[in-house]
Amino acid sequence: MLLAMTISNAPSLVSPVHAEIAFPTMRFSFVPAAAPEFTVVEPTAVYSDVRGFGFDKGRTPETNSVLFSVKVPEGNYLVTVWLGSPDADSETTIKAETRRLVIPATPVKRGQTVEKQFAVNVRNSEISPGVSVRLNDREKIPSLRHWDDKLSLEFLGKPAVQRVEIKKADDLPTLFMAGDSTMTDQAGEPWIGWGQMMPQFFTPGIAVANHGESGRALRSFRGDRRWDKILSQLKPGDYVMIQFGHNDMKEKGEGVGAFTTYAASLKECIADVRKREATPIVITPMERRRFDKDGKREDTHGDYPDAVRKVAEEEKVALIDLNKMSKPLYEAFGVEPSKKLFVFFPANTYPGQNNDLKDNTHFQAFGGDQIARCAIQSLRDANHPLTKYIREDVPAFDPSKPGDPSKYVLAPSQAGAIEVPEGR
């Protein structure tokens with residue numbers, strides 16, 4: 001990878017999260033010959049809070065991954081990258097923060113340069129002075145990067161990155177995502193939340209802020225103040241996707257149920273979003289992978305999908321019916337081939353993975369991609385206002401005619417601890 005950095009002329013960074021001064025546009029060059037406005041970065045420039053930028057962990061040989069981070073206040077950013085090498089063909093994949101796919105594999109011929117731009121949302125856990133999101137142990141591990149004060153970019157594949165520009169862009173609309181482990185930004189391979197796959201489908205005109213978290217039902221999501229964090233940042237013109245059900249159906253107690261407590265909480269969330277002149281979107285939970293002895297797919301969420309549909313109708317709010325769309329998707333593969341959507345890997349496929357992985361709830365990269373495409377297609381079918389931010393080159397998707405998993409490749413991220421998500 002093309003990477004160099006001298007640290008002289010480094011820009012002055014804003015360290016306080018709530019500083020009310022303009023954040024400077026930051027420009028970094030990973031090649032020695034750079035325009036004066038670019039800070040040239042040496043390969044030895046390891047990240048530190050004092051420097052305010054640098055490489056986290058350095059290159060990981062087994063994944064050919066390079067992680068570059070910059071200290072920034074929370075908010076939305078427009079990132080522009082220039083890809084390509086004068087010496088060799090390259091193919092660069094870029095993930096932001098915790099493995100959010102922003103730029104799929106982009107081949108560039110030797111001697112050519114390709115410019116790409118995308119939006120990144122950066123956040124921390126503070127809601128107001130003295131009040132923060134109640135983080136769990138998973139969210140404190142180093143490989144999870146979406147609660148810190150850094151904008152992190154992971155360059156993967158056969159990467160060649162010449163320059164990076166980072167510009168504050170708080171006027172951009174934000175697509176907030178509230179959900180569980182099937183949606184969340186999963187920290188480690190081979191798990192992927194479908195929300196991690198969404199940024200690749202959008203233009204730089206909108207930023208995706210995935211607040212989904214493993215093991216959360218709507219009630220516990222709100223109890224952790226995660227919903228309060230979203231509301232603290234929500235502004236007119238934003239969008240909020242809400243998808244729960246996997247863990248809500250396990251809750252017990254007098255009066256607890258899909259059409260009672262869950263539906264009431266969902267309506268409260270819809271009202272919260274509308275009060276702030278933003279647009280709510282409710283989503284049914286996709287099915288788990290479950291087939292009976294005769295190979296027929298079984299429903300796995302009881303009344304919860306119908307409760308979401310009923311709320312959407314009563315509140316006249318947009319609905320993405322992943323429950324409905326996931327059924328023909330799984331059936332198109334059948335019993336054994338459908339494992340290609342989920343986390344099924346023999347022992348020692350990944351570093352530190354001593355046991356077989358058999359997970360009928362959570363997705364590997366191909367499955368997360370296919371579910372995300374279901375969501376994108378649903379928006380298009382409804383001619384939803386979000387459609388104007390979907391990239392024109394994203395093809396139509398029919399879940400009964402899914403992609404070929406043998407042809408799907410996503411460069412793996414830096415190795416982390418093998419940790420099964422909550423909420424299986």
# chains A, B, ... in the order shown; residues from 1 in each chain; ligands from 1

call {"tool": "residues_around", "arguments": {"residues": "region 136-143 of chain A", "least_positions_apart": "5", "cutoff": "12 Å", "atoms": "only C-alpha atoms", "output": "PyMOL selection string"}}
result
chain A and resi 56-57+67+97-99+124-125+148+152+154+181+184-189+211-216+220-221+224+226+413-422

call {"tool": "write_last_selection", "arguments": {"atoms": "C-alpha atoms", "output": "compact mmCIF listing (two decimals), in the first residue's frame"}}
result
# COMPACT_ATOMS: atom_id res chain seq x y z
CA ASP A 56 -3.94 2.02 14.68
CA LYS A 57 -2.24 -1.39 15.01
CA LEU A 67 -6.25 1.14 9.87
CA GLU A 97 -15.48 3.05 12.03
CA THR A 98 -16.43 -0.51 13.06
CA ARG A 99 -16.28 -2.30 9.69
CA ASN A 124 -19.31 9.21 21.40
CA SER A 125 -21.43 7.93 24.28
CA ASP A 148 -14.69 6.86 20.43
CA SER A 152 -11.31 5.40 11.57
CA GLU A 154 -9.69 0.60 7.24
CA SER A 181 -27.44 -7.83 16.80
CA THR A 184 -25.44 -3.74 14.63
CA ASP A 185 -21.86 -2.96 13.65
CA GLN A 186 -20.30 -6.29 14.59
CA ALA A 187 -16.72 -5.86 15.77
CA GLY A 188 -15.16 -9.12 14.61
CA GLU A 189 -15.11 -11.47 11.68
CA HIS A 211 -26.84 2.52 16.78
CA GLY A 212 -28.01 -1.12 16.78
CA GLU A 213 -26.60 -3.25 19.59
CA SER A 214 -26.40 -6.96 20.31
CA GLY A 215 -28.91 -8.51 22.70
CA ARG A 216 -31.21 -5.50 22.77
CA SER A 220 -33.62 -2.47 26.86
CA PHE A 221 -32.41 -0.29 23.96
CA ASP A 224 -29.61 1.90 28.01
CA ARG A 226 -29.45 4.51 23.28
CA SER A 413 -11.08 -6.86 8.52
CA GLN A 414 -8.29 -6.88 11.08
CA ALA A 415 -8.50 -9.97 13.26
CA GLY A 416 -10.22 -9.56 16.60
CA ALA A 417 -11.40 -11.88 19.34
CA ILE A 418 -14.00 -14.45 18.30
CA GLU A 419 -17.08 -13.36 20.22
CA VAL A 420 -20.56 -14.74 19.62
CA PRO A 421 -23.12 -11.88 19.51
CA GLU A 422 -25.79 -11.67 22.17

call {"tool": "select_by_dssp", "arguments": {"residues": "region 255-420 of chain A", "states": "strand (DSSP E or B)", "output": "list in words"}}
result
Thr279, Pro280, Ile281, Val282, Ile283, Phe291, Arg297, Ala318, Leu319, Ile320, Phe342, Val343, Phe344, Phe345, Leu357, Lys358, Asp359, Asn360, Thr361, His362, Phe363 and Ile390 of chain A

call {"tool": "closest_residue", "arguments": {"among": "A:Asp321, A:Asp170, A:Glu315, A:Glu126", "to": "Lys229 (chain A)", "atoms": "only C-alpha atoms"}}
result
A:Glu126

call {"tool": "closest_residue", "arguments": {"among": "A:Pro351, A:Pro236, A:Gly403, A:Gly245", "to": "Val273 (chain A)", "atoms": "only C-alpha atoms"}}
result
A:Pro236

call {"tool": "atom_distance", "arguments": {"atom1": "CA of Gly179 (chain A)", "atom2": "CA of Glu314 (chain A)"}}
result
21.3 Å

call {"tool": "atom_distance", "arguments": {"atom1": "CA of Ala375 (chain A)", "atom2": "CA of Gln233 (chain A)"}}
result
23.6 Å

call {"tool": "closest_residue", "arguments": {"among": "A:Val72, A:Val66, A:Ile127, A:Ala178", "to": "Asp149 (chain A)", "atoms": "only C-alpha atoms"}}
result
A:Val72

call {"tool": "closest_residue", "arguments": {"among": "A:Trp191, A:Phe259, A:Phe28, A:Tyr389", "to": "Val343 (chain A)", "atoms": "only C-alpha atoms"}}
result
A:Trp191

call {"tool": "closest_residue", "arguments": {"among": "A:Met183, A:Val40, A:Val282, A:Ala207", "to": "Thr361 (chain A)", "atoms": "only C-alpha atoms"}}
result
A:Met183

call {"tool": "atom_distance", "arguments": {"atom1": "CA of Asn76 (chain A)", "atom2": "CA of Ile166 (chain A)"}}
result
10.1 Å

call {"tool": "residues_around", "arguments": {"residues": "Ala209 (chain A)", "least_positions_apart": "3", "cutoff": "7 Å", "atoms": "only C-alpha atoms", "output": "MDAnalysis selection string"}}
result
chainID A and resid 121 174:177

call {"tool": "write_last_selection", "arguments": {"atoms": "N, CA and C atoms", "output": "mmCIF file, in the first residue's frame"}}
result
data_model
loop_
_atom_site.group_PDB
_atom_site.id
_atom_site.type_symbol
_atom_site.label_atom_id
_atom_site.label_comp_id
_atom_site.auth_asym_id
_atom_site.auth_seq_id
_atom_site.Cartn_x
_atom_site.Cartn_y
_atom_site.Cartn_z
ATOM 1 N N ASN A 121 -20.455 8.931 9.849
ATOM 2 C CA ASN A 121 -20.943 9.490 11.111
ATOM 3 C C ASN A 121 -20.034 9.037 12.239
ATOM 4 N N THR A 174 -28.934 12.567 8.248
ATOM 5 C CA THR A 174 -28.427 11.333 8.840
ATOM 6 C C THR A 174 -29.504 10.262 8.824
ATOM 7 N N LEU A 175 -29.112 9.050 8.456
ATOM 8 C CA LEU A 175 -29.981 7.886 8.594
ATOM 9 C C LEU A 175 -29.558 7.157 9.862
ATOM 10 N N PHE A 176 -30.351 7.291 10.932
ATOM 11 C CA PHE A 176 -30.091 6.590 12.174
ATOM 12 C C PHE A 176 -30.715 5.200 12.107
ATOM 13 N N MET A 177 -30.031 4.229 12.713
ATOM 14 C CA MET A 177 -30.530 2.864 12.740
ATOM 15 C C MET A 177 -30.569 2.381 14.183
#

call {"tool": "closest_residue", "arguments": {"among": "A:Cys374, A:Leu329, A:Val31, A:Ala96", "to": "Val208 (chain A)", "atoms": "only C-alpha atoms"}}
result
A:Ala96

call {"tool": "residues_around", "arguments": {"residues": "Gly368 (chain A)", "least_positions_apart": "3", "cutoff": "7 Å", "atoms": "only C-alpha atoms", "output": "list in words"}}
result
Ile192, Gly193, Trp194, Met197, Phe363, Gln364, Ala365, Ile371 and Ala372 of chain A

call {"tool": "residues_around", "arguments": {"residues": "Gly257 (chain A)", "least_positions_apart": "4", "cutoff": "12 Å", "atoms": "only C-alpha atoms", "output": "VMD selection string"}}
result
chain A and resid 219 245 247 to 253 261 to 265 301 to 307

call {"tool": "select_by_dssp", "arguments": {"residues": "region 77-229 of chain A", "states": "helix (DSSP H, G or I)", "output": "MDAnalysis selection string"}}
result
chainID A and resid 137:140 194:201 218:223 226:229

call {"tool": "write_last_selection", "arguments": {"atoms": "C-alpha atoms", "output": "PDB file, in the first residue's frame"}}
result
ATOM      1  CA  ASP A 137     -18.545  -4.969  27.909  1.00  0.00           C
ATOM      2  CA  ARG A 138     -18.590  -5.717  24.164  1.00  0.00           C
ATOM      3  CA  GLU A 139     -18.605  -2.019  23.403  1.00  0.00           C
ATOM      4  CA  LYS A 140     -15.401  -1.458  25.356  1.00  0.00           C
ATOM      5  CA  TRP A 194     -26.884  -5.839   7.816  1.00  0.00           C
ATOM      6  CA  GLY A 195     -26.653  -2.226   8.976  1.00  0.00           C
ATOM      7  CA  GLN A 196     -22.880  -2.394   8.428  1.00  0.00           C
ATOM      8  CA  MET A 197     -23.516  -3.060   4.750  1.00  0.00           C
ATOM      9  CA  MET A 198     -25.867  -0.126   4.164  1.00  0.00           C
ATOM     10  CA  PRO A 199     -23.413   2.788   3.651  1.00  0.00           C
ATOM     11  CA  GLN A 200     -22.096   1.297   0.381  1.00  0.00           C
ATOM     12  CA  PHE A 201     -25.514   1.808  -1.238  1.00  0.00           C
ATOM     13  CA  LEU A 218     -36.723  -2.166  22.169  1.00  0.00           C
ATOM     14  CA  ARG A 219     -37.265  -1.812  25.914  1.00  0.00           C
ATOM     15  CA  SER A 220     -33.618  -2.468  26.861  1.00  0.00           C
ATOM     16  CA  PHE A 221     -32.407  -0.292  23.958  1.00  0.00           C
ATOM     17  CA  ARG A 222     -34.338   2.588  25.471  1.00  0.00           C
ATOM     18  CA  GLY A 223     -33.277   1.616  29.006  1.00  0.00           C
ATOM     19  CA  ARG A 226     -29.450   4.505  23.284  1.00  0.00           C
ATOM     20  CA  TRP A 227     -32.725   5.973  22.075  1.00  0.00           C
ATOM     21  CA  ASP A 228     -32.013   9.155  24.037  1.00  0.00           C
ATOM     22  CA  LYS A 229     -28.644   9.404  22.258  1.00  0.00           C
TER      23      LYS A 229
END
